[in-house]
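To keep things clear, I will list the structure first and then write my remarks on it.
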Amino acid sequence: MDSVLLHQAARSLGDAHRVVVFTGAGISAESGVPTFRDDLTGLWARFDAAQLATPEAFHADPDLVWGWYEWRRARVRRATPNPGHRAITTIVDRAPAGTVVTQNVDDLHERAGTRAPIHLHGSLFAPRCVAAAGHPATFPDLPEGAVTELAEGGRIPPPRCVSCAALVRPGVVWFGEALPEAALTAAVEAAATCDVLLTVGTSGVVYPAAEVPRIAARAGATVIQVNPEPTPLDPVTAVNLRGTAAQVLPALVA
Ligand code: BJW
């Protein structure tokens, strides 16, 4: 790790009034939650997004899609926050105005103590029915041992809504679906008015979320990036910290 860049990033964060931390799957990688696009370990290297992460896929094979999300929910429940998640809580708590905007559907920011992160792509833990009303739903816990079977593409029939009997679906944002309006509005507002935006562990290729750091850069904020790999966000980034979240972020708050 380049100590000059680390010092520069820490000073920018320390001087800032409004700080936004924008996260993607890479922040949870060291907790054992797979990313989407990493070459060997990413979910899209092993599973077909078109068959699992679109409304059409759920319509065509609800048991397959529900089973896959139940497998992922079980994995997240067994995971714990890593030092990167905890350092982010420290960063936003130290700032006079700090906001976490995440694309992740896990709850590891919350479990690391971050209050009210903005979830742009929904949550694995907020299922709702497919009817227009989108009634909130609950689900039974998986039996022990079911996770391995589900990893091989196990099917589980989704529950039915207790209010209207429609199928219950995962509360995440699939390709082709609109992001939750209030979350997107809050994220854009935070990005447009921040002094520093710290982007962590995202490939920056999924829109409209990938606009968030670009909005901050256009508005004059300093963008700092933590990622072991180059990304399309490099051109808007003032300080690039090449390393993993659990290594770099604790050093930023030390
Ligand atoms: C580490 C690390 C470590 C590893 N430490 N770092 C403009 C241009 C082109 C296309 C579009 C466009 N606008 C819209 C689109 C279409 C589409 C899109 O963006 N497609 C592109 C992929 C081409 N977008 C949509 O469809 C969106 N909806 C939409 O636009 O609706 C329009 C509409 C309006 C009104 C009415 C109706 C419709 C919705 C996008 C939803 C994305 N959903 C997913 C799945 C969520 C549910 C689930 O979890 O299953 O969200 S896809 C997936 O990608 C997930 C993620 O949140 C998202 C972003 O991925 P992320 O977090 O960046 O992960 P990776 O894997 O890509 O990157 C990990 C990074 O971490 C890497 O850089 C590593 O190097 C790094 N890393 N280890 C730090 N230890």
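Naming works like this for the structure tokens: A, B, ... for the chains as they're shown, residue 1 at the start of each chain, ligands 1 onward in shown order.
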Find the residues near ligand 1. Use a cut-off of 6 Å, count only C-alpha atoms and all ligand atoms, and write them as a VMD selection string. chain A and resid 24 to 27 29 to 30 35 to 38 53 103 to 105 121 172 to 178 200 to 208 227 to 229 244 to 245
Can you write just those residues out, C-alpha atoms, as a PDB file, in the first residue's frame?
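This is the output file out_34.pdb:
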ATOM      1  CA  GLY A  24     -20.395  -2.890  -3.940  1.00  0.00           C
ATOM      2  CA  ALA A  25     -19.956  -6.608  -3.569  1.00  0.00           C
ATOM      3  CA  GLY A  26     -16.183  -6.318  -2.961  1.00  0.00           C
ATOM      4  CA  ILE A  27     -16.744  -4.938   0.560  1.00  0.00           C
ATOM      5  CA  ALA A  29     -15.907 -10.534  -0.313  1.00  0.00           C
ATOM      6  CA  GLU A  30     -13.658 -10.942   2.712  1.00  0.00           C
ATOM      7  CA  THR A  35     -19.006 -10.903  -5.763  1.00  0.00           C
ATOM      8  CA  PHE A  36     -20.780 -10.972  -9.135  1.00  0.00           C
ATOM      9  CA  ARG A  37     -18.090 -10.383 -11.756  1.00  0.00           C
ATOM     10  CA  ASP A  38     -14.782 -11.624 -10.331  1.00  0.00           C
ATOM     11  CA  ALA A  53     -31.899 -12.166 -11.796  1.00  0.00           C
ATOM     12  CA  GLN A 103     -25.594  -1.772  -3.987  1.00  0.00           C
ATOM     13  CA  ASN A 104     -25.416  -4.856  -1.777  1.00  0.00           C
ATOM     14  CA  VAL A 105     -28.422  -6.902  -0.770  1.00  0.00           C
ATOM     15  CA  HIS A 121     -30.700  -2.822  -5.028  1.00  0.00           C
ATOM     16  CA  VAL A 172     -34.046  -7.306  -4.656  1.00  0.00           C
ATOM     17  CA  VAL A 173     -33.773  -5.213  -7.826  1.00  0.00           C
ATOM     18  CA  TRP A 174     -33.414  -7.367 -10.918  1.00  0.00           C
ATOM     19  CA  PHE A 175     -32.107  -6.317 -14.334  1.00  0.00           C
ATOM     20  CA  GLY A 176     -34.686  -4.201 -16.133  1.00  0.00           C
ATOM     21  CA  GLU A 177     -36.410  -3.133 -12.904  1.00  0.00           C
ATOM     22  CA  ALA A 178     -36.513   0.386 -11.509  1.00  0.00           C
ATOM     23  CA  VAL A 200     -15.310   0.567  -2.284  1.00  0.00           C
ATOM     24  CA  GLY A 201     -15.430  -2.799  -4.038  1.00  0.00           C
ATOM     25  CA  THR A 202     -17.598  -2.080  -7.045  1.00  0.00           C
ATOM     26  CA  SER A 203     -16.942  -2.701 -10.725  1.00  0.00           C
ATOM     27  CA  GLY A 204     -18.959   0.440 -11.518  1.00  0.00           C
ATOM     28  CA  VAL A 205     -20.684  -1.097 -14.525  1.00  0.00           C
ATOM     29  CA  VAL A 206     -24.302  -1.430 -13.358  1.00  0.00           C
ATOM     30  CA  TYR A 207     -26.501   1.600 -13.949  1.00  0.00           C
ATOM     31  CA  PRO A 208     -28.028   3.778 -12.651  1.00  0.00           C
ATOM     32  CA  ASN A 227     -10.324  -1.797  -5.135  1.00  0.00           C
ATOM     33  CA  PRO A 228      -7.595  -4.333  -5.893  1.00  0.00           C
ATOM     34  CA  GLU A 229      -8.336  -3.976  -9.628  1.00  0.00           C
ATOM     35  CA  THR A 244      -8.695  -5.111  -0.502  1.00  0.00           C
ATOM     36  CA  ALA A 245     -11.324  -3.448   1.650  1.00  0.00           C
TER      37      ALA A 245
END
Apply DSSP to the backbone of this structure and, from range 12-183 of chain A, keep only the residues in alpha helix (DSSP H); write these as a count of residues only. 64
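One finds CA of Thr199 in chain A at 16.3 Å from CA of Leu184 in chain A.
When CA of Val65 in chain A is paired with CA of Phe47 in chain A, their separation reads 11.2 Å.
With only C-alpha atoms as the atoms that count, the residue of A:Gly113, A:Gly67, A:Gly171, A:Gly14 with the shortest distance to Leu52 in chain A is A:Gly67.
The list of residues with at least one atom within 8 Å of range 74-81 of chain A, based on only C-alpha atoms and without residues fewer than 4 positions apart in the same chain, reads Ser28, Ser31, Gly32, Val33, Glu70, His85, Arg86, Asp106, Asp107, Leu108, His109, Arg111, Ala112, Leu142 and Val147 of chain A.
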Grab the residues selected above and save them as an mmCIF file, in the first residue's frame with N, CA and C atoms.
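The new file selection09.cif reads:
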data_model
loop_
_atom_site.group_PDB
_atom_site.id
_atom_site.type_symbol
_atom_site.label_atom_id
_atom_site.label_comp_id
_atom_site.auth_asym_id
_atom_site.auth_seq_id
_atom_site.Cartn_x
_atom_site.Cartn_y
_atom_site.Cartn_z
ATOM 1 N N SER A 28 -17.937 -7.051 0.818
ATOM 2 C CA SER A 28 -18.342 -8.254 1.558
ATOM 3 C C SER A 28 -17.557 -9.499 1.148
ATOM 4 N N SER A 31 -15.804 -11.311 3.795
ATOM 5 C CA SER A 31 -16.711 -11.978 4.740
ATOM 6 C C SER A 31 -17.188 -13.305 4.170
ATOM 7 N N GLY A 32 -16.722 -13.636 2.961
ATOM 8 C CA GLY A 32 -17.112 -14.908 2.343
ATOM 9 C C GLY A 32 -18.358 -14.817 1.483
ATOM 10 N N VAL A 33 -18.806 -13.602 1.188
ATOM 11 C CA VAL A 33 -19.970 -13.429 0.308
ATOM 12 C C VAL A 33 -19.430 -13.186 -1.106
ATOM 13 N N GLU A 70 -32.662 -18.241 -1.663
ATOM 14 C CA GLU A 70 -32.630 -18.821 -0.317
ATOM 15 C C GLU A 70 -31.217 -19.319 0.020
ATOM 16 N N HIS A 85 -16.061 -3.359 6.762
ATOM 17 C CA HIS A 85 -17.392 -2.850 7.147
ATOM 18 C C HIS A 85 -17.281 -1.988 8.415
ATOM 19 N N ARG A 86 -16.485 -2.453 9.365
ATOM 20 C CA ARG A 86 -16.387 -1.707 10.635
ATOM 21 C C ARG A 86 -15.692 -0.359 10.430
ATOM 22 N N ASP A 106 -26.968 -7.660 1.058
ATOM 23 C CA ASP A 106 -26.731 -8.272 2.373
ATOM 24 C C ASP A 106 -26.966 -7.223 3.467
ATOM 25 N N ASP A 107 -26.824 -7.655 4.733
ATOM 26 C CA ASP A 107 -27.064 -6.742 5.864
ATOM 27 C C ASP A 107 -25.795 -6.537 6.683
ATOM 28 N N LEU A 108 -24.636 -6.676 6.026
ATOM 29 C CA LEU A 108 -23.385 -6.625 6.794
ATOM 30 C C LEU A 108 -23.021 -5.206 7.237
ATOM 31 N N HIS A 109 -23.425 -4.177 6.490
ATOM 32 C CA HIS A 109 -23.196 -2.808 6.985
ATOM 33 C C HIS A 109 -23.968 -2.593 8.291
ATOM 34 N N ARG A 111 -24.995 -4.815 10.396
ATOM 35 C CA ARG A 111 -24.429 -5.612 11.500
ATOM 36 C C ARG A 111 -23.072 -5.100 11.952
ATOM 37 N N ALA A 112 -22.426 -4.258 11.131
ATOM 38 C CA ALA A 112 -21.170 -3.614 11.548
ATOM 39 C C ALA A 112 -21.447 -2.280 12.245
ATOM 40 N N LEU A 142 -34.458 -21.795 6.585
ATOM 41 C CA LEU A 142 -34.058 -23.046 5.937
ATOM 42 C C LEU A 142 -33.620 -24.062 6.979
ATOM 43 N N VAL A 147 -28.067 -25.771 2.621
ATOM 44 C CA VAL A 147 -27.301 -24.827 1.817
ATOM 45 C C VAL A 147 -26.525 -25.529 0.708
#
Quick one: distance from CA of Thr102 in chain A to CA of Val21 in chain A in Å, one decimal? 8.0 Å
